[in-house]
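S.K.: First the structure, then my questions, so here it is.
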Amino acid sequence: MDRSELADFLRRRREQLTPPDVGLPPGVRRRTPGLRRDEVALLAGMSTDYYTRLEQSRGPRPSTQVLASLARALRFSSDERDHLYHLCDHAAPGGDLGDKHVGPGLLHVLAKLDDTAAAVVTDLGEVLVQNRMHMLLVGDHGNRRGMERYYSWRWFTEPQSRSIFPEEDWDRLGRSHVADLRATAARRSGDADVTEYVSKLRAASAEFERLWNEHEVAVRVADTKRILHPQVGLIDTVCEPLLTPNSAQRLLVYLPRPGTDAADKLDLLRVIGTQTLVSGDNHR
């Protein structure tokens, strides 16, 4: 591990970013350019002390999970991400399919959708990053680990995860999960991560096994989703998936369904969320 090169690389990339670049408010005028260390640490989900030690060439060798978080927080391109891995003597993630690195362009779009619920997920349904409105609408996925980060895994192995949807929608949504996964499995035939994921689901859920054996196939396109929110009630949304060129990732955007009161409820949810954040700040 080249600690001095790593420290220089992180510092220079941090200094090139501004708060609006990463979806943060501009705040007061800054004495030095770029983001602060605590802001990078917040975006990467680590302590400020840990990140500071990396920039001071005295930190431990970061894990690949930490490097993935740093690459996302600092809006690295794929080449910059790979360089970061190499500086820490890790093999860079290979191949485009199944790649979990969210590029700076997609992150920029996500940051601009501050009044619209949106998230970036892999083609297997793993949540990679959410914006604030998406967290307010369906909950924060940031603390989930392993298989719990995948939509269909929770759907078929954690029945309580379905409680945010009306029960009469469960069959349709479950079939949609399986049919989309079937299409992904065919498109990426033989890929180890797909084969392993499907095998684990078939072993863990009799319901998934039954639906999988029906062999329904349908690439997920725009779909209606009714969400039962504990504070504002039933919200009718249209979920629009926007694909990256290689279809490895999707930007899911939740829009109010025309002809319903969803727009008003989403506006109310945004206000309630702001009040909650302010209240939490006052009690720190």
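Every chain in the structure tokens takes a letter, A first, then B, and so on in the order presented; its residues are numbered from 1, and the ligands are numbered from 1 following the presented order.
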Using only C-alpha atoms, which protein or nucleic acid residues come within 10 Å of segment 234-243 of chain A? Drop anything in the same chain fewer than 4 positions from it, and give the result as a PyMOL selection string.

M.R.: chain A and resi 117-123+137+164-166+220-230+247-266

S.K.: So that I can check the surroundings of segment 15-26 of chain A, please list as a list of chain:residue names every protein, DNA and RNA residue that reaches within 6 Å of it, counting only C-alpha atoms and ignoring chain neighbours fewer than 5 positions away.

M.R.: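 Result of the neighbour search: A:Pro33, A:Gly34, A:Leu35, A:Ala111.
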
S.K.: Dump all heavy atoms for the selected residues as a PDB file, in the first residue's frame?

M.R.:
ATOM      1  N   PRO A  33     -10.412  25.734  -0.584  1.00  0.00           N
ATOM      2  CA  PRO A  33     -11.282  25.177  -1.627  1.00  0.00           C
ATOM      3  C   PRO A  33     -11.690  23.740  -1.331  1.00  0.00           C
ATOM      4  O   PRO A  33     -11.043  23.039  -0.555  1.00  0.00           O
ATOM      5  CB  PRO A  33     -10.384  25.246  -2.878  1.00  0.00           C
ATOM      6  CG  PRO A  33      -8.990  25.149  -2.337  1.00  0.00           C
ATOM      7  CD  PRO A  33      -9.016  25.899  -1.030  1.00  0.00           C
ATOM      8  N   GLY A  34     -12.763  23.330  -1.982  1.00  0.00           N
ATOM      9  CA  GLY A  34     -13.166  21.926  -1.910  1.00  0.00           C
ATOM     10  C   GLY A  34     -14.016  21.575  -0.714  1.00  0.00           C
ATOM     11  O   GLY A  34     -14.453  22.427   0.066  1.00  0.00           O
ATOM     12  N   LEU A  35     -14.263  20.279  -0.575  1.00  0.00           N
ATOM     13  CA  LEU A  35     -15.026  19.749   0.556  1.00  0.00           C
ATOM     14  C   LEU A  35     -14.155  19.707   1.800  1.00  0.00           C
ATOM     15  O   LEU A  35     -12.934  19.668   1.736  1.00  0.00           O
ATOM     16  CB  LEU A  35     -15.513  18.331   0.242  1.00  0.00           C
ATOM     17  CG  LEU A  35     -16.472  18.150  -0.932  1.00  0.00           C
ATOM     18  CD1 LEU A  35     -16.789  16.668  -1.115  1.00  0.00           C
ATOM     19  CD2 LEU A  35     -17.750  18.945  -0.732  1.00  0.00           C
ATOM     20  N   ALA A 111     -28.244  13.789  -7.276  1.00  0.00           N
ATOM     21  CA  ALA A 111     -28.181  14.930  -6.366  1.00  0.00           C
ATOM     22  C   ALA A 111     -29.126  16.048  -6.801  1.00  0.00           C
ATOM     23  O   ALA A 111     -29.664  16.775  -5.960  1.00  0.00           O
ATOM     24  CB  ALA A 111     -26.751  15.448  -6.281  1.00  0.00           C
TER      25      ALA A 111
END

S.K.: Just the residues within 8 Å of Ser78 of chain A, please, counting only C-alpha atoms, with nothing from its chain fewer than 2 positions along; format it as a list in words.

M.R.: Phe76, Glu80, Arg81, Asp82, His101 and Gly103 of chain A

S.K.: How far is it from atom CA of Arg172 of chain A to atom CA of Thr157 of chain A, in Å with one decimal?

M.R.: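 Pair atom CA of Arg172 of chain A / atom CA of Thr157 of chain A returns 16.9 Å.
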
S.K.: Work out how far apart atom CA of Pro62 of chain A and atom CA of Arg37 of chain A are and give it in Å to one decimal.

M.R.: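 Taking atom CA of Pro62 of chain A and atom CA of Arg37 of chain A, their separation equals 16.5 Å.
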
S.K.: Just the residues within 10 Å of Ile272 of chain A, please, counting only C-alpha atoms, with nothing from its chain fewer than 6 positions along; format it as JSON, numbers by chain.

M.R.: {"A": [136, 231, 232, 266, 278]}

S.K.: Write the selection just made, keeping C-alpha atoms, as a short mmCIF file (atom, residue, chain, number, x, y, z; two decimals), in the first residue's frame?

M.R.:
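Contents of the output file part_21.cif:
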data_model
loop_
_atom_site.label_atom_id
_atom_site.label_comp_id
_atom_site.auth_asym_id
_atom_site.auth_seq_id
_atom_site.Cartn_x
_atom_site.Cartn_y
_atom_site.Cartn_z
CA LEU A 136 -38.12 9.45 3.49
CA GLN A 231 -47.10 9.61 8.29
CA VAL A 232 -48.93 10.63 5.12
CA LEU A 266 -44.89 13.85 -1.40
CA VAL A 278 -34.05 20.12 12.29
#

S.K.: Gly146 of chain A: which residues within 12 Å, counting only C-alpha atoms, same-chain residues fewer than 3 positions away excluded, as JSON, numbers by chain?

M.R.: {"A": [65, 126, 127, 128, 141, 142, 143, 149, 150, 151, 153, 154, 197]}

S.K.: Pick out each residue of segment 38-281 of chain A that DSSP on the backbone tags as alpha helix (DSSP H); I need them as a PyMOL selection string.

M.R.: chain A and resi 38-44+48-55+64-73+78-87+104-112+132-138+151-157+170-187+192-204+206-213+262-281

S.K.: For Ala186 of chain A, which residue out of A:His86, A:Tyr50, A:Leu74, A:Val198 is the nearest one, using only C-alpha atoms?

M.R.: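 Closest to Ala186 of chain A, using only C-alpha atoms: A:Val198.
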
S.K.: Within segment 63-255 of chain A, find each residue whose DSSP state, derived from the backbone, is strand (DSSP E or B), and express the selection as a PyMOL selection string.

M.R.: chain A and resi 117-122+126-130+150+223-229+233-243+249-255

S.K.: Which of these, A:Ser199, A:Ser77, A:Ser69, A:Asn213, has the shortest distance to Leu43 of chain A once you count only C-alpha atoms?

M.R.: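 The answer is A:Ser69, which sits nearest to Leu43 of chain A.
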